[in-house]
$ cat target_22.csv   # CSV, C-alpha atoms
chain,number,residue,atom,x,y,z
A,40,MET,CA,-6.8,43.2,52.9
A,41,LEU,CA,-4.2,45.6,51.5
A,42,LYS,CA,-0.9,46.9,52.8
A,43,LEU,CA,0.6,49.8,51.0
A,44,ARG,CA,3.7,51.8,52.0
A,45,GLN,CA,6.3,54.0,50.3
A,46,LEU,CA,9.9,52.6,50.4
A,47,PRO,CA,12.9,54.8,50.3
A,48,ARG,CA,13.7,55.6,46.7
A,49,LYS,CA,17.1,54.3,45.5
A,50,SER,CA,19.5,57.2,44.9
A,51,THR,CA,21.1,57.3,41.5
A,52,GLY,CA,23.8,59.7,42.6
A,53,PRO,CA,24.8,62.3,45.1
A,54,LEU,CA,22.1,64.7,44.2
A,55,SER,CA,18.4,63.8,44.6
A,56,SER,CA,16.1,64.0,41.6
A,57,CYS,CA,14.8,67.4,40.6
A,58,GLY,CA,11.3,66.1,41.2
A,59,GLY,CA,8.2,67.7,39.5
A,60,ILE,CA,9.1,71.3,40.1
A,61,PHE,CA,11.7,72.1,37.4
A,62,ASP,CA,14.7,74.0,38.8
A,63,TRP,CA,17.0,75.1,36.0
A,64,ASP,CA,20.3,75.3,38.0
A,65,THR,CA,19.7,72.1,39.8
A,66,ALA,CA,18.6,70.4,36.6
A,67,THR,CA,21.8,71.3,34.6
A,68,VAL,CA,24.1,70.3,37.5
A,69,ARG,CA,22.2,67.0,37.8
A,70,LEU,CA,22.4,66.3,34.1
A,71,ASP,CA,26.2,66.7,34.2
A,72,GLU,CA,26.3,64.2,37.1
A,73,LEU,CA,24.1,61.7,35.2
A,74,ASN,CA,26.3,62.0,32.1
A,75,THR,CA,29.3,61.2,34.3
A,76,LEU,CA,27.5,58.2,35.9
A,77,ALA,CA,26.3,56.9,32.5
A,78,GLY,CA,30.0,56.9,31.3
A,79,ASP,CA,31.1,54.8,34.3
A,80,PRO,CA,31.5,51.1,33.2
A,81,ASP,CA,30.8,49.9,36.8
A,82,LEU,CA,27.3,51.4,36.5
A,83,TRP,CA,26.2,48.4,34.4
A,84,LEU,CA,27.0,46.0,37.2
A,85,ASP,CA,23.7,47.0,38.6
A,86,ASN,CA,21.2,46.9,35.7
A,87,GLU,CA,18.3,48.4,37.8
A,88,ARG,CA,20.4,51.4,38.8
A,89,ALA,CA,21.7,51.8,35.3
A,90,GLN,CA,18.1,51.9,33.9
A,91,ALA,CA,17.1,54.5,36.5
A,92,VAL,CA,20.1,56.7,35.6
A,93,LEU,CA,19.3,56.6,31.9
A,94,LYS,CA,15.6,57.2,32.4
A,95,GLU,CA,16.3,60.3,34.6
A,96,ARG,CA,18.9,61.5,32.2
A,97,THR,CA,16.5,61.2,29.2
A,98,ALA,CA,13.8,63.1,31.1
A,99,LEU,CA,16.2,65.9,32.0
A,100,GLU,CA,17.6,66.2,28.5
A,101,ARG,CA,14.1,66.5,27.1
A,102,SER,CA,13.1,69.2,29.6
A,103,ILE,CA,16.3,71.2,29.2
A,104,SER,CA,16.2,70.9,25.4
A,105,ALA,CA,12.6,72.2,25.4
A,106,VAL,CA,13.5,75.3,27.4
A,107,ARG,CA,16.5,76.0,25.3
A,108,ASP,CA,14.5,75.6,22.1
A,109,ILE,CA,11.9,78.1,23.4
A,110,GLU,CA,14.7,80.6,24.3
A,111,ARG,CA,16.3,80.3,20.9
A,112,HIS,CA,13.0,80.7,19.0
A,113,LEU,CA,12.1,83.7,21.2
A,114,GLU,CA,15.4,85.5,20.4
A,115,GLU,CA,15.0,84.8,16.7
A,116,THR,CA,11.4,86.0,16.6
A,117,ILE,CA,12.2,89.2,18.5
A,118,ASP,CA,15.0,89.9,16.0
A,119,LEU,CA,12.6,89.2,13.1
A,120,MET,CA,10.0,91.5,14.6
A,121,GLU,CA,12.4,94.3,15.1
A,122,LEU,CA,13.6,93.9,11.5
A,123,GLY,CA,10.0,94.0,10.3
A,124,GLU,CA,9.2,97.1,12.3
A,125,ALA,CA,12.4,98.9,11.1
A,126,GLU,CA,11.6,98.0,7.4
A,127,GLY,CA,7.9,98.7,7.8
A,128,GLU,CA,7.1,95.1,6.7
A,129,THR,CA,3.7,94.4,8.4
A,130,GLU,CA,3.6,90.8,7.1
A,131,ILE,CA,6.8,90.0,8.8
A,132,VAL,CA,5.6,91.6,12.1
A,133,ALA,CA,2.3,89.6,11.8
A,134,GLU,CA,4.2,86.4,11.2
A,135,ALA,CA,6.5,87.1,14.2
A,136,THR,CA,3.4,87.9,16.4
A,137,GLY,CA,1.9,84.5,15.4
A,138,VAL,CA,5.1,82.7,16.4
A,139,LEU,CA,5.1,84.5,19.8
A,140,ARG,CA,1.6,83.2,20.4
A,141,THR,CA,2.8,79.7,19.7
A,142,LEU,CA,5.7,80.1,22.0
A,143,ARG,CA,3.4,81.4,24.7
A,144,GLU,CA,1.4,78.2,24.5
A,145,ALA,CA,4.6,76.1,24.5
A,146,CYS,CA,5.6,77.9,27.7
A,147,ARG,CA,2.2,77.1,29.3
A,148,THR,CA,2.7,73.5,28.5
A,149,ARG,CA,6.2,73.4,29.9
A,150,GLN,CA,4.9,75.2,33.1
A,151,LEU,CA,2.2,72.6,33.5
A,152,GLU,CA,4.6,69.7,33.0
A,153,ALA,CA,6.9,71.2,35.6
A,154,LEU,CA,4.1,71.1,38.1
A,155,LEU,CA,3.4,67.4,37.6
A,156,SER,CA,4.9,66.5,41.0
A,157,GLY,CA,2.4,63.9,42.3
A,158,GLU,CA,3.7,60.6,43.7
A,159,ALA,CA,3.4,58.8,40.4
A,160,ASP,CA,3.0,61.6,37.8
A,161,ALA,CA,6.3,60.8,36.1
A,162,ASN,CA,5.4,57.1,35.7
A,163,ASP,CA,4.1,55.1,32.8
A,164,CYS,CA,0.4,54.3,33.0
A,165,TYR,CA,-2.3,51.8,32.1
A,166,LEU,CA,-5.3,53.0,30.2
A,167,GLU,CA,-8.5,50.9,30.2
A,168,ILE,CA,-11.4,51.5,27.9
A,169,HIS,CA,-14.8,49.9,28.5
A,170,ALA,CA,-17.9,50.0,26.3
A,171,GLY,CA,-21.1,51.0,28.2
A,172,ALA,CA,-24.6,49.6,27.8
A,173,GLY,CA,-25.9,49.8,24.3
A,174,GLY,CA,-24.3,46.9,22.4
A,175,THR,CA,-22.8,47.6,19.1
A,176,GLU,CA,-23.2,51.3,19.3
A,177,ALA,CA,-21.3,51.6,22.5
A,178,GLN,CA,-18.7,49.1,21.4
A,179,ASP,CA,-18.0,51.2,18.3
A,180,TRP,CA,-17.7,54.3,20.4
A,181,ALA,CA,-15.2,52.5,22.7
A,182,GLU,CA,-13.0,51.6,19.6
A,183,MET,CA,-13.2,55.3,18.5
A,184,LEU,CA,-11.9,56.3,22.0
A,185,LEU,CA,-9.1,53.7,21.7
A,186,ARG,CA,-8.0,55.1,18.4
A,187,MET,CA,-8.2,58.7,19.8
A,188,TYR,CA,-5.8,57.9,22.7
A,189,GLN,CA,-3.5,55.9,20.5
A,190,ARG,CA,-3.1,58.8,18.1
A,191,TRP,CA,-2.6,61.3,21.0
A,192,CYS,CA,0.2,59.0,22.4
A,193,ARG,CA,1.9,58.7,19.0
A,194,VAL,CA,2.0,62.5,18.5
A,195,ARG,CA,3.4,63.0,22.0
A,196,GLY,CA,6.1,60.3,21.3
A,197,TYR,CA,4.8,57.8,23.9
A,198,GLU,CA,5.0,54.1,23.2
A,199,VAL,CA,1.8,52.0,23.5
A,200,ASP,CA,1.3,48.3,24.0
A,201,ILE,CA,-2.1,46.7,23.8
A,202,LEU,CA,-2.2,44.3,26.8
A,203,GLU,CA,-5.8,43.1,26.3
A,204,GLN,CA,-8.5,43.7,23.8
A,205,SER,CA,-12.0,42.1,23.6
A,206,ASP,CA,-13.7,42.6,20.3
A,207,GLY,CA,-17.4,43.3,19.9
A,208,GLU,CA,-19.6,40.7,18.2
A,209,GLU,CA,-20.5,43.0,15.2
A,210,ALA,CA,-18.1,46.0,15.5
A,211,GLY,CA,-16.0,47.9,17.9
A,212,ILE,CA,-14.6,46.6,21.2
A,213,LYS,CA,-16.0,45.6,24.5
A,214,SER,CA,-12.8,46.6,26.3
A,215,ALA,CA,-9.1,47.2,25.8
A,216,THR,CA,-6.1,47.8,28.1
A,217,LEU,CA,-3.1,49.8,27.0
A,218,GLN,CA,0.2,50.4,28.6
A,219,VAL,CA,1.5,53.9,27.8
A,220,ARG,CA,5.3,54.3,28.3
A,221,GLY,CA,6.9,57.7,28.4
A,222,HIS,CA,7.9,60.5,30.8
A,223,ASN,CA,4.8,61.9,32.7
A,224,ALA,CA,2.4,59.6,30.9
A,225,TYR,CA,0.3,59.2,34.0
A,226,GLY,CA,0.6,62.8,35.0
A,227,TRP,CA,-0.8,63.9,31.6
A,228,LEU,CA,-3.6,61.2,31.3
A,229,LYS,CA,-4.7,60.9,34.9
A,230,THR,CA,-7.6,63.4,34.4
A,231,GLU,CA,-9.1,61.3,31.6
A,232,SER,CA,-10.7,58.8,33.9
A,233,GLY,CA,-14.5,58.9,33.6
A,234,VAL,CA,-17.4,58.5,31.3
A,235,HIS,CA,-17.3,59.8,27.7
A,236,ARG,CA,-20.6,60.5,26.0
A,237,LEU,CA,-21.2,60.4,22.2
A,238,VAL,CA,-24.2,61.7,20.4
A,239,ARG,CA,-24.5,60.9,16.7
A,240,ILE,CA,-26.7,59.4,13.9
A,241,SER,CA,-26.0,55.7,14.3
A,242,PRO,CA,-24.3,54.0,11.3
A,243,PHE,CA,-25.9,50.8,12.6
A,244,ASP,CA,-29.5,52.1,12.6
A,245,SER,CA,-31.3,51.6,9.3
A,246,ALA,CA,-33.7,54.3,10.3
A,247,ALA,CA,-30.8,56.8,10.7
A,248,ARG,CA,-31.9,57.8,14.2
A,249,ARG,CA,-29.8,59.7,16.7
A,250,HIS,CA,-28.2,57.6,19.4
A,251,THR,CA,-26.4,58.4,22.7
A,252,SER,CA,-23.6,56.1,23.6
A,253,PHE,CA,-21.4,55.9,26.7
A,254,SER,CA,-17.9,54.4,27.2
A,255,SER,CA,-15.5,54.8,30.0
A,256,ALA,CA,-11.8,55.4,30.3
A,257,TRP,CA,-9.8,54.5,33.4
A,258,VAL,CA,-6.2,55.6,34.0
A,259,TYR,CA,-3.8,54.3,36.7
A,260,PRO,CA,0.0,54.5,37.1
A,261,VAL,CA,2.6,51.8,36.6
A,262,ILE,CA,4.2,51.6,40.0
A,263,ASP,CA,7.9,51.1,40.6
A,264,GLU,CA,9.9,49.4,43.3
A,265,THR,CA,9.6,52.2,45.8
A,266,ILE,CA,5.9,51.3,46.4
A,267,GLU,CA,5.3,48.1,48.3
A,268,ILE,CA,1.8,46.6,48.0
A,269,THR,CA,1.1,43.3,49.9
A,270,ILE,CA,-1.7,41.2,48.3
A,271,GLU,CA,-3.0,38.2,50.0
A,272,GLU,CA,-3.2,35.1,47.8
A,273,LYS,CA,-6.5,34.1,49.4
A,274,ASP,CA,-8.1,37.4,48.1
A,275,LEU,CA,-7.4,36.4,44.5
A,276,ARG,CA,-9.5,34.5,41.9
A,277,ILE,CA,-7.4,33.6,38.9
A,278,ASP,CA,-9.0,32.4,35.7
A,279,THR,CA,-7.4,31.4,32.4
A,280,TYR,CA,-9.0,31.5,29.0
A,281,ARG,CA,-8.2,31.5,25.3
A,282,SER,CA,-7.1,34.8,23.9
A,283,SER,CA,-9.0,36.6,21.2
A,284,GLY,CA,-8.3,39.2,18.6
A,285,ALA,CA,-5.1,39.6,16.7
A,286,GLY,CA,-2.5,36.9,17.4
A,287,GLY,CA,-2.2,34.6,14.4
A,288,GLN,CA,-2.1,30.8,15.0
A,289,HIS,CA,-1.8,31.2,18.7
A,290,VAL,CA,-5.3,32.7,19.1
A,291,ASN,CA,-7.9,30.3,20.5
A,292,LYS,CA,-5.4,27.5,20.7
A,293,THR,CA,-4.2,27.6,24.3
A,294,ASP,CA,-5.6,29.0,27.6
A,295,SER,CA,-2.8,31.6,27.8
A,296,ALA,CA,-4.9,34.6,28.7
A,297,VAL,CA,-5.2,35.4,32.4
A,298,ARG,CA,-7.9,37.2,34.4
A,299,ILE,CA,-7.3,38.1,38.1
A,300,THR,CA,-10.1,39.2,40.4
A,301,HIS,CA,-9.3,40.9,43.7
A,302,GLU,CA,-12.4,39.8,45.6
A,303,PRO,CA,-12.3,42.4,48.5
A,304,THR,CA,-12.3,45.3,46.1
A,305,GLY,CA,-13.9,43.7,43.0
A,306,ILE,CA,-11.1,44.9,40.8
A,307,VAL,CA,-10.6,42.8,37.7
A,308,VAL,CA,-7.5,42.8,35.5
A,309,GLN,CA,-6.7,40.7,32.5
A,310,CYS,CA,-3.8,40.2,30.0
A,311,GLN,CA,-3.6,38.2,26.8
A,312,ASN,CA,-0.8,39.8,24.8
A,313,ASP,CA,1.9,37.1,25.4
A,314,ARG,CA,2.0,33.5,24.4
A,315,SER,CA,3.1,32.5,27.9
A,316,GLN,CA,0.5,32.2,30.6
A,317,HIS,CA,3.1,32.8,33.2
A,318,ARG,CA,4.2,36.1,31.6
A,319,ASN,CA,0.5,37.2,31.2
A,320,ARG,CA,-0.1,36.4,34.9
A,321,ALA,CA,3.0,38.4,35.9
A,322,THR,CA,1.8,41.4,33.9
A,323,ALA,CA,-1.7,41.0,35.2
A,324,MET,CA,-0.4,41.1,38.8
A,325,GLU,CA,1.6,44.3,38.0
A,326,MET,CA,-1.7,45.8,36.7
A,327,LEU,CA,-3.5,44.7,39.9
A,328,ARG,CA,-0.8,46.3,42.1
A,329,ALA,CA,-1.2,49.5,40.1
A,330,ARG,CA,-5.0,49.5,40.4
A,331,LEU,CA,-4.8,49.0,44.1
A,332,TYR,CA,-2.3,51.8,44.5
A,333,GLU,CA,-4.5,54.1,42.4
A,334,LEU,CA,-7.5,53.1,44.5
A,335,GLU,CA,-5.6,54.1,47.7
A,336,ILE,CA,-4.6,57.5,46.2
A,337,ARG,CA,-8.2,58.1,45.0
A,338,ARG,CA,-9.5,57.3,48.5
A,339,ARG,CA,-7.1,59.9,50.0
A,340,GLU,CA,-8.2,62.5,47.4
A,341,GLU,CA,-11.9,61.8,48.1
A,342,ALA,CA,-11.3,62.1,51.8
A,343,ALA,CA,-9.6,65.5,51.3
A,344,GLU,CA,-12.4,66.7,49.0
A,345,ALA,CA,-15.0,65.7,51.5
A,346,VAL,CA,-13.6,68.3,53.9
A,347,GLU,CA,-14.2,71.1,51.4
A,348,ALA,CA,-18.0,71.0,50.9
A,349,GLY,CA,-17.9,73.6,48.1
A,350,LYS,CA,-16.0,71.2,45.8
A,351,SER,CA,-17.9,69.3,43.2
A,352,ASP,CA,-15.0,67.4,41.4
A,353,ILE,CA,-16.3,64.9,39.0
A,354,GLY,CA,-15.4,61.5,40.4
A,355,TRP,CA,-14.4,58.3,38.6
A,356,GLY,CA,-17.4,56.8,36.7
A,357,HIS,CA,-19.1,60.2,36.2
A,358,GLN,CA,-19.4,61.9,32.8
A,359,ILE,CA,-16.4,64.1,32.0
A,360,ARG,CA,-16.7,64.9,28.4
A,361,SER,CA,-19.5,65.1,25.7
A,362,TYR,CA,-18.9,64.5,22.0
A,363,VAL,CA,-21.8,65.6,19.8
A,364,LEU,CA,-21.7,64.9,16.0
A,365,GLN,CA,-25.4,65.6,15.3
A,366,PRO,CA,-27.4,67.8,15.1
A,367,TYR,CA,-24.3,70.1,15.5
A,368,GLN,CA,-20.6,69.4,16.2
A,369,MET,CA,-19.2,70.1,19.6
A,370,VAL,CA,-16.8,68.5,22.1
A,371,LYS,CA,-17.2,69.9,25.6
A,372,ASP,CA,-15.4,69.1,28.8
A,373,LEU,CA,-18.0,69.2,31.6
A,374,ARG,CA,-15.5,69.9,34.3
A,375,THR,CA,-13.6,72.9,32.8
A,376,GLY,CA,-16.1,74.2,30.2
A,377,ILE,CA,-13.5,74.0,27.4
A,378,GLU,CA,-15.2,73.2,24.1
A,379,THR,CA,-14.5,73.1,20.4
A,380,SER,CA,-16.4,72.5,17.2
A,381,ASP,CA,-13.4,70.8,15.5
A,382,ILE,CA,-14.6,67.4,16.7
A,383,GLN,CA,-12.6,65.5,14.0
A,384,SER,CA,-9.3,66.8,15.2
A,385,VAL,CA,-10.2,65.7,18.8
A,386,LEU,CA,-11.1,62.2,17.6
A,387,ASP,CA,-7.8,62.2,15.7
A,388,GLY,CA,-6.0,62.7,19.1
A,389,SER,CA,-5.9,66.5,19.5
A,390,LEU,CA,-6.5,66.4,23.3
A,391,ASP,CA,-4.0,68.8,24.7
A,392,ARG,CA,-6.4,71.7,25.2
A,393,PHE,CA,-8.6,69.5,27.4
A,394,LEU,CA,-5.7,67.8,29.3
A,395,GLU,CA,-4.1,71.2,30.0
A,396,ALA,CA,-7.3,72.7,31.3
A,397,ALA,CA,-8.2,69.7,33.5
A,398,LEU,CA,-4.6,69.7,34.9
A,399,SER,CA,-4.6,73.4,35.5
A,400,ARG,CA,-7.9,73.1,37.4
A,401,ARG,CA,-6.7,70.2,39.4
A,402,LEU,CA,-3.2,71.7,40.2
A,403,GLY,CA,-4.9,75.0,41.1
A,404,SER,CA,-7.1,73.2,43.6
A,405,ASP,CA,-4.1,71.4,45.1
A,406,ALA,CA,-2.2,74.7,45.4
A,407,ALA,CA,-5.2,76.3,47.1
A,408,GLU,CA,-5.3,73.5,49.7
A,409,THR,CA,-1.7,73.8,50.5
$ encode --input "target_22.csv" --output "structure tokens"
Amino acid sequence: MLKLRQLPRKSTGPLSSCGGIFDWDTATVRLDELNTLAGDPDLWLDNERAQAVLKERTALERSISAVRDIERHLEETIDLMELGEAEGETEIVAEATGVLRTLREACRTRQLEALLSGEADANDCYLEIHAGAGGTEAQDWAEMLLRMYQRWCRVRGYEVDILEQSDGEEAGIKSATLQVRGHNAYGWLKTESGVHRLVRISPFDSAARRHTSFSSAWVYPVIDETIEITIEEKDLRIDTYRSSGAGGQHVNKTDSAVRITHEPTGIVVQCQNDRSQHRNRATAMEMLRARLYELEIRRREEAAEAVEAGKSDIGWGHQIRSYVLQPYQMVKDLRTGIETSDIQSVLDGSLDRFLEAALSRRLGSDAAET
């Protein structure tokens, strides 16, 4: 049904990549090597290798710059605090103390990012959102989730493409698929897969009753050339249909949208963002390969978890977070216990506290196993 194996990763130079665990000395040496490679005109004779060099260099530059910024701000803040203490300026000392707290949080974030060393953590990812049962109410909630994740991506500097979006009949969306591009996109978002529950007074209910809605998010990595997945053509059902949603004159004119069903697993992927059916099919096949890869990784994780009976990790398809707007305001992650009453900031994309807690929990479990 499915053959999956890891191919040797192409080397971009004499030193191997620093990987997920950030080693400062190795990183700075590697960055010098990558800068030398990038300045070699012969590098561009192999476009694939050139892109890999530039991608690795950008990631290292970002990581090194972040550490140096923290060091610089730390030195400046210590000097400011010492000055405030010497002059008896309590306001200056309080300001410096606040900056130190902020730097501490920045260090925690960098530490977490350095530990994102899974097979595909550094990769781009796909993010699917699906409305649950409940018609317009659930579809509106799905669109709210879509907006939330788009805003989070924008703040983090990630690029987002909408590959597919099916609008609801009255409001909201039935489903949407995003491709998120940026370093560690999958690593940061991988814990977001699951069911998200919303409790609120329905804007679609004339009696102003409280409704509970469910929508799901599904995150899986964009896989690169080092992962080979063999898919049998006989296992596929390929359908074409007219695209819907934004798209100008092209919408509903041609059967350019593509839906692929992998019958042995029941996985369905679809793409409609391009005018070309062939390009939509190619993108959909890449999405299918990524879904099958993620499925295999998930099976491995579930098998490992089954060995440890005391674990109760929330699996895909189970509720992971609750968002309550009425009768009180609270967002609570059911896996980590992290909660906040500032629900508007969360819906506006302020997700870092939840992502960091979920990653810490997951990475802590992985460390305990090893």
$ closest_residue --input "target_22.csv" --among "A:Met326, A:Ala89, A:Leu119, A:Leu202" --to "A:Ser282" --atoms "only C-alpha atoms"
A:Leu202
$ residues_around --input "target_22.csv" --residues "A:Gln365" --least-positions-apart "5" --cutoff "9 Å" --atoms "only C-alpha atoms" --output "list in words"
Val238, Arg239, Ile240 and Arg249 of chain A
$ write_last_selection --input "target_22.csv" --atoms "C-alpha atoms" --output "PDB file, keeping the file's coordinate frame"
ATOM      1  CA  VAL A 238     -24.200  61.700  20.400  1.00  0.00           C
ATOM      2  CA  ARG A 239     -24.500  60.900  16.700  1.00  0.00           C
ATOM      3  CA  ILE A 240     -26.700  59.400  13.900  1.00  0.00           C
ATOM      4  CA  ARG A 249     -29.800  59.700  16.700  1.00  0.00           C
TER       5      ARG A 249
END
$ atom_distance --input "target_22.csv" --atom1 "atom CA of A:Asp372" --atom2 "atom CA of A:Gln358"
9.2 Å
$ atom_distance --input "target_22.csv" --atom1 "atom CA of A:Leu70" --atom2 "atom CA of A:Leu93"
10.4 Å
$ atom_distance --input "target_22.csv" --atom1 "atom CA of A:His317" --atom2 "atom CA of A:Ser205"
20.2 Å
$ closest_residue --input "target_22.csv" --among "A:His235, A:Arg337, A:Arg147, A:Arg281" --to "A:Asn312" --atoms "all atoms listed in the file"
A:Arg281
$ residues_near_point --input "target_22.csv" --point "(-22.5, 60.6, 34.8)" --cutoff "12 Å" --atoms "all atoms listed in the file" --output "list in words"
Gly171, Ser232, Gly233, Val234, His235, Arg236, Phe253, Ser254, Ser255, Ile353, Gly354, Trp355, Gly356, His357, Gln358, Ile359, Arg360, Ser361, Leu373 and Arg374 of chain A
$ residues_around --input "target_22.csv" --residues "A:Glu100" --least-positions-apart "4" --cutoff "12 Å" --atoms "all atoms listed in the file" --output "PyMOL selection string"
chain A and resi 63+66-71+73-74+93-96+104-108+222
$ closest_residue --input "target_22.csv" --among "A:Asp64, A:Glu271, A:Asp200, A:Glu121" --to "A:Ala133" --atoms "only C-alpha atoms"
A:Glu121
$ closest_residue --input "target_22.csv" --among "A:Glu144, A:Glu72, A:Glu126, A:Glu152" --to "A:Ser399" --atoms "all atoms listed in the file"
A:Glu152
